[in-house]
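Just my_file02.cif here, mmCIF, C-alpha atoms:
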data_entry
#
loop_
_atom_site.label_atom_id
_atom_site.label_comp_id
_atom_site.auth_asym_id
_atom_site.auth_seq_id
_atom_site.Cartn_x
_atom_site.Cartn_y
_atom_site.Cartn_z
CA MET A 1 -99.10 -44.95 54.89
CA LEU A 2 -99.13 -43.46 58.37
CA LEU A 3 -101.87 -40.82 58.39
CA HIS A 4 -101.87 -37.98 60.94
CA PHE A 5 -104.76 -35.66 61.75
CA CYS A 6 -103.31 -32.59 63.45
CA LEU A 7 -104.33 -29.22 64.84
CA ASP A 8 -102.60 -25.94 64.08
CA GLU A 9 -100.61 -25.84 67.33
CA LYS A 10 -97.10 -24.64 68.20
CA PHE A 11 -95.71 -28.10 68.95
CA ILE A 12 -96.89 -29.92 65.82
CA ASP A 13 -93.70 -29.24 63.84
CA LYS A 14 -91.24 -30.38 66.52
CA GLY A 15 -93.54 -32.90 68.20
CA VAL A 16 -95.13 -34.63 65.20
CA ILE A 17 -93.90 -33.77 61.72
CA ILE A 18 -90.14 -33.65 62.31
CA PRO A 19 -89.76 -36.77 64.53
CA PHE A 20 -92.09 -38.97 62.47
CA ASP A 21 -90.44 -37.90 59.19
CA LYS A 22 -87.08 -38.67 60.78
CA TYR A 23 -87.95 -42.32 61.38
CA TYR A 24 -90.57 -43.07 58.70
CA ASP A 25 -90.86 -41.97 55.07
CA LYS A 26 -94.54 -42.59 54.36
CA ASN A 27 -96.30 -40.02 56.53
CA THR A 28 -99.27 -37.90 55.46
CA PHE A 29 -100.10 -34.96 57.72
CA VAL A 30 -103.58 -33.43 57.47
CA LEU A 31 -104.90 -30.15 58.85
CA LEU A 32 -108.66 -29.69 58.54
CA GLN A 33 -108.56 -26.00 57.69
CA GLU A 34 -107.57 -23.54 54.99
CA LYS A 35 -103.85 -23.16 54.40
CA SER A 36 -104.12 -19.36 54.54
CA LYS A 37 -105.45 -19.54 58.11
CA THR A 38 -102.46 -21.49 59.44
CA LYS A 39 -100.84 -19.66 62.34
CA TYR A 40 -98.39 -21.98 64.08
CA VAL A 41 -97.41 -24.91 61.84
CA LYS A 42 -94.44 -23.85 59.69
CA THR A 43 -93.65 -26.98 57.65
CA LEU A 44 -96.53 -26.22 55.28
CA ASP A 45 -95.03 -28.20 52.40
CA ARG A 46 -95.53 -31.38 54.45
CA VAL A 47 -99.20 -30.74 55.19
CA LEU A 48 -102.36 -31.61 53.27
CA PHE A 49 -105.12 -29.05 53.89
CA LEU A 50 -108.68 -30.38 53.60
CA ASP A 51 -112.19 -29.33 54.61
CA ILE A 52 -114.06 -32.06 56.47
CA ASP A 53 -117.39 -30.98 54.95
CA LYS A 54 -116.28 -30.24 51.38
CA ASN A 55 -113.77 -33.10 51.15
CA GLU A 56 -115.51 -35.80 53.20
CA GLU A 57 -115.42 -38.44 50.45
CA GLU A 58 -111.70 -37.82 49.84
CA LEU A 59 -111.01 -37.99 53.58
CA VAL A 60 -112.84 -41.29 53.98
CA GLN A 61 -110.88 -42.75 51.03
CA LEU A 62 -107.65 -41.46 52.55
CA CYS A 63 -108.48 -43.09 55.88
CA ASN A 64 -109.42 -46.41 54.31
CA SER A 65 -106.13 -46.49 52.37
CA ALA A 66 -103.97 -45.88 55.46
CA LYS A 67 -102.26 -48.57 57.48
CA VAL A 68 -102.31 -46.59 60.70
CA ILE A 69 -104.05 -43.33 61.62
CA ILE A 70 -102.99 -41.15 64.55
CA PHE A 71 -105.56 -38.64 65.71
CA HIS A 72 -103.59 -35.94 67.49
CA SER A 73 -106.57 -35.05 69.68
CA LEU A 74 -110.11 -36.00 68.68
CA PHE A 75 -111.58 -32.64 67.81
CA GLY A 76 -114.57 -31.30 65.92
CA SER A 77 -116.15 -33.77 63.49
CA LEU A 78 -113.29 -36.27 63.54
CA PRO A 79 -115.19 -38.79 65.69
CA LEU A 80 -117.91 -38.90 63.03
CA LEU A 81 -115.26 -39.39 60.34
CA ILE A 82 -113.88 -42.39 62.25
CA HIS A 83 -117.36 -43.91 62.23
CA LYS A 84 -117.26 -43.90 58.41
CA ILE A 85 -113.96 -45.81 58.11
CA THR A 86 -114.90 -49.20 56.65
CA ASN A 87 -111.46 -50.83 56.36
CA SER A 88 -111.19 -52.91 59.53
CA ASN A 89 -107.46 -53.44 58.95
CA VAL A 90 -106.66 -49.76 59.63
CA LYS A 91 -105.19 -49.33 63.12
CA LEU A 92 -106.44 -46.25 64.98
CA ILE A 93 -104.43 -44.38 67.62
CA TRP A 94 -106.08 -41.68 69.72
CA SER A 95 -103.48 -39.35 71.19
CA VAL A 96 -105.41 -37.72 74.02
CA TRP A 97 -104.46 -34.13 74.78
CA GLY A 98 -106.83 -33.56 77.67
CA GLY A 99 -109.75 -31.43 76.56
CA ASP A 100 -110.80 -34.01 73.97
CA PHE A 101 -111.49 -36.37 76.89
CA TYR A 102 -112.24 -34.22 79.93
CA CYS A 103 -114.59 -31.95 77.95
CA SER A 104 -116.26 -34.81 76.09
CA LYS A 105 -119.43 -36.75 76.89
CA LEU A 106 -117.23 -39.42 78.47
CA PHE A 107 -116.45 -37.21 81.46
CA ASP A 108 -118.39 -34.95 83.83
CA GLU A 109 -116.72 -31.52 83.67
CA ASN A 110 -118.57 -30.37 86.78
CA SER A 111 -116.54 -32.82 88.85
CA LEU A 112 -113.40 -30.77 88.10
CA ILE A 113 -114.67 -27.53 89.66
CA LEU A 114 -114.20 -26.88 93.40
CA PRO A 115 -116.88 -25.10 95.50
CA GLU A 116 -115.67 -21.48 95.54
CA THR A 117 -114.93 -21.45 91.82
CA ALA A 118 -118.29 -23.09 91.11
CA LYS A 119 -120.03 -20.14 92.76
CA ILE A 120 -118.88 -17.78 90.00
CA TYR A 121 -118.96 -20.21 87.13
CA GLU A 122 -121.42 -23.09 86.92
CA LEU A 123 -121.07 -25.31 83.90
CA ASN A 124 -124.74 -26.27 84.22
CA HIS A 125 -124.61 -29.15 81.77
CA GLN A 126 -128.25 -30.13 81.60
CA GLU A 127 -129.22 -33.61 80.55
CA THR A 128 -130.20 -33.66 76.89
CA LEU A 129 -133.55 -34.93 75.64
CA TYR A 130 -131.66 -37.76 73.93
CA ALA A 131 -130.02 -38.80 77.21
CA LYS A 132 -133.34 -38.75 79.08
CA ARG A 133 -135.11 -40.88 76.46
CA LYS A 134 -132.15 -43.24 76.09
CA LYS A 135 -132.41 -43.97 79.83
CA THR A 136 -136.07 -44.86 79.38
CA PHE A 137 -136.01 -46.80 76.11
CA GLY A 138 -132.41 -48.02 75.90
CA LYS A 139 -130.89 -48.99 72.55
CA PHE A 140 -134.34 -49.17 70.93
CA TYR A 141 -134.46 -45.37 70.96
CA ASP A 142 -131.39 -45.27 68.65
CA TYR A 143 -133.07 -47.65 66.22
CA TYR A 144 -136.26 -45.56 66.33
CA LEU A 145 -134.33 -42.39 65.44
CA LYS A 146 -132.57 -44.22 62.59
CA LEU A 147 -135.91 -45.33 61.13
CA ARG A 148 -137.39 -41.85 61.55
CA THR A 149 -134.49 -39.68 60.29
CA GLY A 150 -132.37 -42.06 58.24
CA GLU A 151 -129.34 -41.52 60.51
CA TYR A 152 -128.28 -42.63 63.95
CA PRO A 153 -127.98 -39.80 66.53
CA ARG A 154 -124.55 -38.25 67.14
CA GLU A 155 -124.35 -39.76 70.64
CA TYR A 156 -124.87 -43.25 69.25
CA THR A 157 -122.25 -42.65 66.56
CA LEU A 158 -119.73 -41.47 69.15
CA SER A 159 -120.21 -44.59 71.27
CA LYS A 160 -119.57 -46.75 68.20
CA MET A 161 -116.52 -44.66 67.29
CA TYR A 162 -114.80 -45.25 70.63
CA LYS A 163 -115.12 -49.02 70.08
CA LYS A 164 -112.96 -48.72 66.96
CA ILE A 165 -109.91 -47.24 68.73
CA ASP A 166 -107.00 -49.69 68.91
CA TYR A 167 -104.50 -47.64 70.95
CA ILE A 168 -104.72 -44.69 73.29
CA SER A 169 -101.82 -42.40 74.08
CA THR A 170 -102.13 -40.11 77.11
CA VAL A 171 -100.04 -37.24 78.43
CA LEU A 172 -99.64 -39.11 81.75
CA ASP A 173 -99.56 -42.90 81.79
CA VAL A 174 -101.92 -42.97 84.79
CA GLU A 175 -104.67 -41.43 82.63
CA PHE A 176 -105.02 -44.51 80.45
CA ASP A 177 -106.93 -46.57 83.03
CA LEU A 178 -109.24 -43.62 83.72
CA ILE A 179 -110.10 -43.23 80.03
CA LYS A 180 -110.38 -46.96 79.45
CA SER A 181 -112.88 -47.23 82.30
CA THR A 182 -115.22 -44.84 80.46
CA ILE A 183 -115.34 -47.02 77.31
CA PRO A 184 -115.85 -50.52 78.78
CA GLU A 185 -117.34 -51.74 75.48
CA ASN A 186 -113.85 -51.48 73.90
CA LYS A 187 -112.06 -54.59 75.12
CA LYS A 188 -109.16 -54.42 72.65
CA VAL A 189 -107.75 -50.94 73.34
CA GLN A 190 -104.10 -50.81 74.46
CA TYR A 191 -101.85 -48.14 75.91
CA MET A 192 -99.34 -46.51 73.55
CA PRO A 193 -96.78 -44.15 75.15
CA TYR A 194 -96.16 -40.97 73.17
CA ASN A 195 -95.35 -37.35 74.02
CA TYR A 196 -95.12 -34.19 71.92
CA GLY A 197 -92.27 -32.41 73.61
CA SER A 198 -89.05 -33.13 75.42
CA VAL A 199 -87.33 -31.27 78.22
CA GLU A 200 -84.74 -30.18 75.68
CA THR A 201 -87.33 -28.63 73.33
CA MET A 202 -89.14 -26.93 76.22
CA VAL A 203 -86.22 -25.51 78.17
CA GLY A 204 -82.98 -26.87 76.72
CA ASP A 205 -79.81 -25.29 78.06
CA ASN A 206 -81.20 -21.77 77.78
CA TYR A 207 -82.51 -21.67 81.32
CA LYS A 208 -80.30 -24.10 83.22
CA ASP A 209 -78.54 -21.30 85.09
CA ILE A 210 -81.68 -19.28 85.89
CA GLU A 211 -82.08 -18.83 89.64
CA ILE A 212 -85.30 -18.21 91.55
CA ASN A 213 -84.90 -14.70 92.97
CA GLY A 214 -88.28 -13.95 94.56
CA ASN A 215 -91.06 -15.35 96.74
CA ASN A 216 -94.11 -14.67 94.58
CA ILE A 217 -96.72 -17.35 93.96
CA LEU A 218 -97.89 -18.40 90.48
CA ILE A 219 -101.47 -19.74 90.47
CA GLY A 220 -102.86 -21.74 87.57
CA ASN A 221 -101.96 -21.75 83.89
CA SER A 222 -104.99 -20.26 82.12
CA GLY A 223 -108.43 -18.71 82.34
CA ASP A 224 -110.14 -22.07 82.60
CA PRO A 225 -112.38 -22.81 85.62
CA SER A 226 -110.61 -26.14 86.20
CA ASN A 227 -107.72 -24.07 87.64
CA ASN A 228 -109.97 -23.46 90.67
CA HIS A 229 -108.42 -20.03 91.21
CA LEU A 230 -110.82 -18.76 93.86
CA ASP A 231 -110.47 -21.87 96.02
CA VAL A 232 -106.70 -21.39 96.01
CA VAL A 233 -106.81 -17.66 96.73
CA TYR A 234 -109.34 -18.01 99.56
CA SER A 235 -107.20 -20.75 101.13
CA LEU A 236 -104.12 -18.51 100.97
CA MET A 237 -106.10 -15.67 102.53
CA LYS A 238 -107.23 -17.88 105.43
CA SER A 239 -103.60 -18.72 106.19
CA ASN A 240 -102.57 -15.04 105.74
CA THR A 241 -100.01 -16.12 103.13
CA HIS A 242 -101.39 -13.49 100.73
CA LYS A 243 -99.95 -10.72 102.93
CA LYS A 244 -96.38 -11.91 102.42
CA THR A 245 -96.21 -12.11 98.65
CA GLU A 246 -97.70 -11.22 95.25
CA LEU A 247 -100.07 -13.66 93.55
CA ILE A 248 -99.40 -13.95 89.80
CA ILE A 249 -102.29 -15.40 87.79
CA PRO A 250 -102.05 -16.14 84.03
CA LEU A 251 -105.40 -15.50 82.31
CA ASN A 252 -104.19 -14.92 78.76
CA TYR A 253 -106.43 -17.64 77.30
CA GLY A 254 -109.42 -19.69 78.34
CA ASN A 255 -113.12 -19.21 78.92
CA LYS A 256 -114.06 -15.54 78.42
CA ASP A 257 -117.07 -15.60 80.74
CA TYR A 258 -115.09 -17.25 83.50
CA ARG A 259 -112.19 -14.82 83.14
CA ARG A 260 -114.55 -11.88 83.39
CA SER A 261 -116.29 -13.30 86.49
CA LEU A 262 -112.95 -14.09 88.10
CA LYS A 263 -111.61 -10.57 87.59
CA GLU A 264 -114.81 -9.16 89.04
CA ALA A 265 -114.34 -11.39 92.10
CA PHE A 266 -110.74 -10.23 92.50
CA GLY A 267 -111.93 -6.62 92.30
CA GLY A 268 -113.97 -7.16 95.45
CA PHE A 269 -110.95 -8.09 97.58
CA ASP A 270 -109.47 -5.62 100.06
CA GLU A 271 -106.20 -3.80 99.51
CA ASN A 272 -104.21 -6.25 101.63
CA ILE A 273 -103.88 -8.66 98.73
CA SER A 274 -101.64 -8.12 95.72
CA ILE A 275 -102.80 -9.88 92.55
CA ARG A 276 -101.05 -9.51 89.22
CA ILE A 277 -103.02 -10.83 86.27
CA LEU A 278 -101.18 -11.84 83.10
CA GLU A 279 -103.50 -11.16 80.16
CA ASP A 280 -101.05 -10.77 77.28
CA PHE A 281 -99.40 -13.64 75.47
CA LEU A 282 -95.75 -13.77 76.52
CA SER A 283 -92.60 -15.09 74.91
CA LEU A 284 -91.03 -18.05 76.71
CA ASP A 285 -88.08 -15.87 77.76
CA LEU A 286 -90.36 -13.30 79.39
CA TYR A 287 -92.52 -15.98 81.00
CA VAL A 288 -89.48 -17.69 82.50
CA LYS A 289 -88.32 -14.33 83.82
CA ILE A 290 -91.67 -13.95 85.59
CA LEU A 291 -91.47 -17.51 86.88
CA SER A 292 -88.03 -16.80 88.32
CA SER A 293 -89.67 -14.27 90.64
CA CYS A 294 -91.84 -17.05 92.08
CA SER A 295 -90.64 -19.59 94.62
CA VAL A 296 -94.02 -21.35 94.56
CA MET A 297 -96.35 -22.63 91.83
CA ILE A 298 -99.87 -23.83 92.72
CA MET A 299 -101.80 -25.90 90.20
CA SER A 300 -105.07 -27.00 91.79
CA HIS A 301 -106.41 -28.97 88.84
CA LEU A 302 -108.16 -32.27 89.39
CA ARG A 303 -107.47 -33.24 85.77
CA GLN A 304 -104.26 -33.44 83.74
CA GLN A 305 -103.49 -29.87 82.76
CA ALA A 306 -100.66 -27.33 82.78
CA LEU A 307 -98.00 -30.02 82.38
CA GLY A 308 -95.66 -27.76 80.38
CA ASN A 309 -95.79 -25.13 83.12
CA ILE A 310 -95.13 -27.72 85.80
CA ILE A 311 -92.16 -29.16 83.91
CA VAL A 312 -90.60 -25.70 83.53
CA GLY A 313 -91.30 -24.97 87.21
CA LEU A 314 -89.66 -28.20 88.33
CA TYR A 315 -86.68 -27.52 86.09
CA LEU A 316 -86.20 -24.05 87.60
CA GLY A 317 -86.44 -25.37 91.14
CA MET A 318 -89.83 -23.94 92.11
CA ARG A 319 -91.77 -25.52 94.95
CA ILE A 320 -94.77 -27.09 93.18
CA TYR A 321 -98.09 -27.54 95.00
CA LEU A 322 -100.77 -29.73 93.40
CA HIS A 323 -104.28 -30.72 94.42
CA PRO A 324 -103.88 -33.80 96.68
CA LYS A 325 -106.76 -35.61 94.94
CA GLY A 326 -105.68 -34.68 91.42
CA ILE A 327 -104.15 -37.03 88.89
CA LEU A 328 -101.12 -34.72 88.54
CA TYR A 329 -100.19 -35.10 92.20
CA LYS A 330 -100.52 -38.88 92.00
CA TYR A 331 -98.35 -39.04 88.90
CA PHE A 332 -95.49 -36.86 90.13
CA LYS A 333 -95.51 -38.30 93.64
CA ASP A 334 -95.48 -41.89 92.36
CA LYS A 335 -92.54 -41.03 90.08
CA GLY A 336 -90.57 -39.70 93.05
CA TYR A 337 -90.58 -35.94 92.37
CA TYR A 338 -90.42 -33.33 95.09
CA VAL A 339 -93.98 -31.99 94.83
CA TYR A 340 -96.38 -31.07 97.60
CA PRO A 341 -100.14 -31.33 98.28
CA PHE A 342 -101.87 -27.96 98.42
CA LYS A 343 -103.89 -27.74 101.63
CA GLY A 344 -104.08 -23.99 102.08
CA GLU A 345 -100.62 -23.17 103.37
CA VAL A 346 -97.34 -23.03 101.47
CA ILE A 347 -93.67 -22.64 102.26
CA LEU A 348 -92.41 -19.55 100.46
CA ASN A 349 -89.01 -21.02 99.69
CA LYS A 350 -87.67 -22.50 96.47
CA LEU A 351 -86.30 -26.03 96.49
CA ASN A 352 -82.74 -26.54 97.67
CA SER A 353 -80.06 -27.52 95.14
CA LYS A 354 -80.28 -31.23 95.95
CA GLN A 355 -84.06 -31.29 95.47
CA LYS A 356 -83.82 -29.24 92.27
CA ASP A 357 -81.17 -31.54 90.78
CA HIS A 358 -83.22 -34.60 91.75
CA ASN A 359 -86.30 -33.25 89.95
CA ARG A 360 -84.25 -32.33 86.87
CA LYS A 361 -82.83 -35.83 86.70
CA LEU A 362 -86.33 -37.33 86.77
CA LEU A 363 -87.55 -34.90 84.10
CA PHE A 364 -84.89 -36.13 81.68
CA GLN A 365 -85.71 -39.75 82.56
CA ASN A 366 -89.39 -39.21 81.78
CA TRP A 367 -89.29 -36.61 78.99
CA GLY A 368 -85.73 -36.46 77.69
CA ILE A 369 -85.30 -36.25 73.89
CA ASP A 370 -84.05 -39.85 73.68
CA VAL A 371 -87.08 -41.12 75.59
CA VAL A 372 -89.54 -39.13 73.48
CA GLU A 373 -87.97 -40.26 70.18
CA SER A 374 -87.92 -43.88 71.36
CA ARG A 375 -91.71 -43.66 71.72
CA VAL A 376 -92.02 -42.48 68.12
CA LYS A 377 -89.85 -45.40 66.98
CA ASN A 378 -91.97 -47.76 69.07
CA ILE A 379 -95.13 -46.70 67.22
CA ILE A 380 -93.42 -47.21 63.86
CA ASN A 381 -91.82 -50.55 64.73
CA ASN A 382 -94.66 -52.15 66.69
CA VAL A 383 -97.76 -50.76 65.01
CA VAL A 384 -96.92 -49.44 61.54
CA ASN A 385 -94.31 -52.00 60.46
CA CYS A 386 -95.65 -55.06 62.22
#

Please render this file's structure as structure tokens.
Amino acid sequence: MLLHFCLDEKFIDKGVIIPFDKYYDKNTFVLLQEKSKTKYVKTLDRVLFLDIDKNEEELVQLCNSAKVIIFHSLFGSLPLLIHKITNSNVKLIWSVWGGDFYCSKLFDENSLILPETAKIYELNHQETLYAKRKKTFGKFYDYYLKLRTGEYPREYTLSKMYKKIDYISTVLDVEFDLIKSTIPENKKVQYMPYNYGSVETMVGDNYKDIEINGNNILIGNSGDPSNNHLDVVYSLMKSNTHKKTELIIPLNYGNKDYRRSLKEAFGGFDENISIRILEDFLSLDLYVKILSSCSVMIMSHLRQQALGNIIVGLYLGMRIYLHPKGILYKYFKDKGYYVYPFKGEVILNKLNSKQKDHNRKLLFQNWGIDVVESRVKNIINNVVNC
């Protein structure tokens, strides 16, 4: 049995259930929630709904009876469930989405926030009492807590869990080495290519004839501080670019406190800057229509984020600016795409036809439907059936 732990997300049907059922007939898909609360997954007849607290014993038995388990993001209490898997023959694949790594204890979130953005939103992750005492007493502190409480602390359990992972799949292949470097105690872990969406499922032929018809600038993809909105806007203001265009900023999801602080900061700007905030959830058709009014997209993330937006932007022929020290810029530049480092100034022109066609060709080479399905078959042939 190939066991999948999934989240209720829009791409689970097309990115997980349908392709794996197409090439393998012994899949079990689990959502750790009530069936009545499902919002996005539509193939409900293919899903087993369980509660990780009420059904823990059943979940552990299910895991121990599987041949391979794919964790489509390590969320909630799943890491603690992994710790309870006793069958050493079960192969474990961690499909990293982004937040399950960058927002975990393996990574310092503060390192993703640039100075101006940090002024309005400090993460302020203070060192826990456990971390302080672990520094002083080392592994003996874990043993002490086990003797005192009967259980190892969560942090200790997490470190043991990461050692059990056999394969890691990342959105960008260059992320694997970064993640592997944070779990040096796991010597066996290997890279497993896998993606949830293809260019065809994201844009298909619906938008191939859409032309960029404006010179607006799209900044960021969400209301998350890792977008570094203020650093981008201040840089554009210094170069006077803001006077020539409208800045369009999607804030329809993300951290509520940060979104509120950001809007307050925008409210203090003078009237010479035009900012349009997108706060409502939009259909893809409407979002693409808005994108077509933008010749430039700026994504100043230091982490992997907003990949779907970037793919659509490249497909449409937008001029994409990325943070020069970010992993996204390294990835796209190394692959040969026409992308540009954001250093404060931008060219308010879309890509020419040759550049646009070149980027589209690379998109299909990296995320075409045949490529994506070949990665599913690779997991089945080289992990499940071996």

Requested in this report: Could you tell me how far atom CA of Asn349 of chain A lies from atom CA of Met237 of chain A, in Å and to one decimal?
Outcome: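 Interatomic distance, atom CA of Asn349 of chain A to atom CA of Met237 of chain A: 18.1 Å.
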
Report task. Could you tell me which residues the PyMOL selection byres ((chain A and resi 299-304) around 8) grabs in this file, written as a PyMOL selection string? Result -> chain A and resi 98+102+112+171-172+219-221+226-229+232+297-298+305-307+320-323+325-328+342

Would you mind exporting C-alpha atoms of the selected residues as a tab-separated table (two decimals), in the coordinates of the input?
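Below you can see selection.tsv, which holds the result:
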chain	number	residue	atom	x	y	z
A	98	GLY	CA	-106.83	-33.56	77.67
A	102	TYR	CA	-112.24	-34.22	79.93
A	112	LEU	CA	-113.40	-30.77	88.10
A	171	VAL	CA	-100.04	-37.24	78.43
A	172	LEU	CA	-99.64	-39.11	81.75
A	219	ILE	CA	-101.47	-19.74	90.47
A	220	GLY	CA	-102.86	-21.74	87.57
A	221	ASN	CA	-101.96	-21.75	83.89
A	226	SER	CA	-110.61	-26.14	86.20
A	227	ASN	CA	-107.72	-24.07	87.64
A	228	ASN	CA	-109.97	-23.46	90.67
A	229	HIS	CA	-108.42	-20.03	91.21
A	232	VAL	CA	-106.70	-21.39	96.01
A	297	MET	CA	-96.35	-22.63	91.83
A	298	ILE	CA	-99.87	-23.83	92.72
A	305	GLN	CA	-103.49	-29.87	82.76
A	306	ALA	CA	-100.66	-27.33	82.78
A	307	LEU	CA	-98.00	-30.02	82.38
A	320	ILE	CA	-94.77	-27.09	93.18
A	321	TYR	CA	-98.09	-27.54	95.00
A	322	LEU	CA	-100.77	-29.73	93.40
A	323	HIS	CA	-104.28	-30.72	94.42
A	325	LYS	CA	-106.76	-35.61	94.94
A	326	GLY	CA	-105.68	-34.68	91.42
A	327	ILE	CA	-104.15	-37.03	88.89
A	328	LEU	CA	-101.12	-34.72	88.54
A	342	PHE	CA	-101.87	-27.96	98.42

Requested in this report: Any chance you could resolve the PyMOL selection byres ((chain A and resi 208-216) around 12) against this file and give the residues as a PyMOL selection string?
Outcome: chain A and resi 199-200+202-207+217-219+241-249+274-276+285+288-298+312-319+346-353+356-357+360

Query - Separation of atom CA of Ile70 of chain A from atom CA of Glu9 of chain A in Å - result: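 A separation of 15.7 Å between them.
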
Query raised in the report: Which residues fall under the PyMOL selection byres ((chain A and resi 252) around 6) in this file, as a list in words?
Result: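 With the PyMOL selection byres ((chain A and resi 252) around 6) on this model, the match is Pro250, Leu251, Tyr253, Glu279, Asp280 and Phe281 of chain A.
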
What's around segment 28-36 of chain A at 7 Å? Count only C-alpha atoms, leave out sequence neighbours fewer than 3 positions away in its own chain, and write the answer as a tab-separated table (two decimals) with C-alpha atoms, in the frame of the given file.
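The resulting file, out06.tsv, is shown below:
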chain	number	residue	atom	x	y	z
A	2	LEU	CA	-99.13	-43.46	58.37
A	3	LEU	CA	-101.87	-40.82	58.39
A	4	HIS	CA	-101.87	-37.98	60.94
A	5	PHE	CA	-104.76	-35.66	61.75
A	6	CYS	CA	-103.31	-32.59	63.45
A	7	LEU	CA	-104.33	-29.22	64.84
A	46	ARG	CA	-95.53	-31.38	54.45
A	47	VAL	CA	-99.20	-30.74	55.19
A	48	LEU	CA	-102.36	-31.61	53.27
A	49	PHE	CA	-105.12	-29.05	53.89
A	50	LEU	CA	-108.68	-30.38	53.60
A	51	ASP	CA	-112.19	-29.33	54.61
A	52	ILE	CA	-114.06	-32.06	56.47

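Note that the spacing between atom CA of Lys10 of chain A and atom CA of Asn309 of chain A amounts to 15.0 Å.
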
Requested in this report: Skip Lys84 of chain A itself and residues of its chain fewer than 2 positions away, then list as a list in words all residues within 12 Å of it, counting only C-alpha atoms.
Outcome: Glu56, Glu57, Glu58, Leu59, Val60, Gln61, Leu62, Cys63, Asn64, Ser77, Leu78, Pro79, Leu80, Leu81, Ile82, Thr86, Asn87, Ser88, Thr157, Leu158, Lys160, Met161 and Lys164 of chain A

Requested in this report: For Ile93 of chain A, please output as number ranges by chain all residues within 8 Å (counting only C-alpha atoms; exclusion window: fewer than 5 positions along the same chain).
Outcome: A: 68-71, 165-169
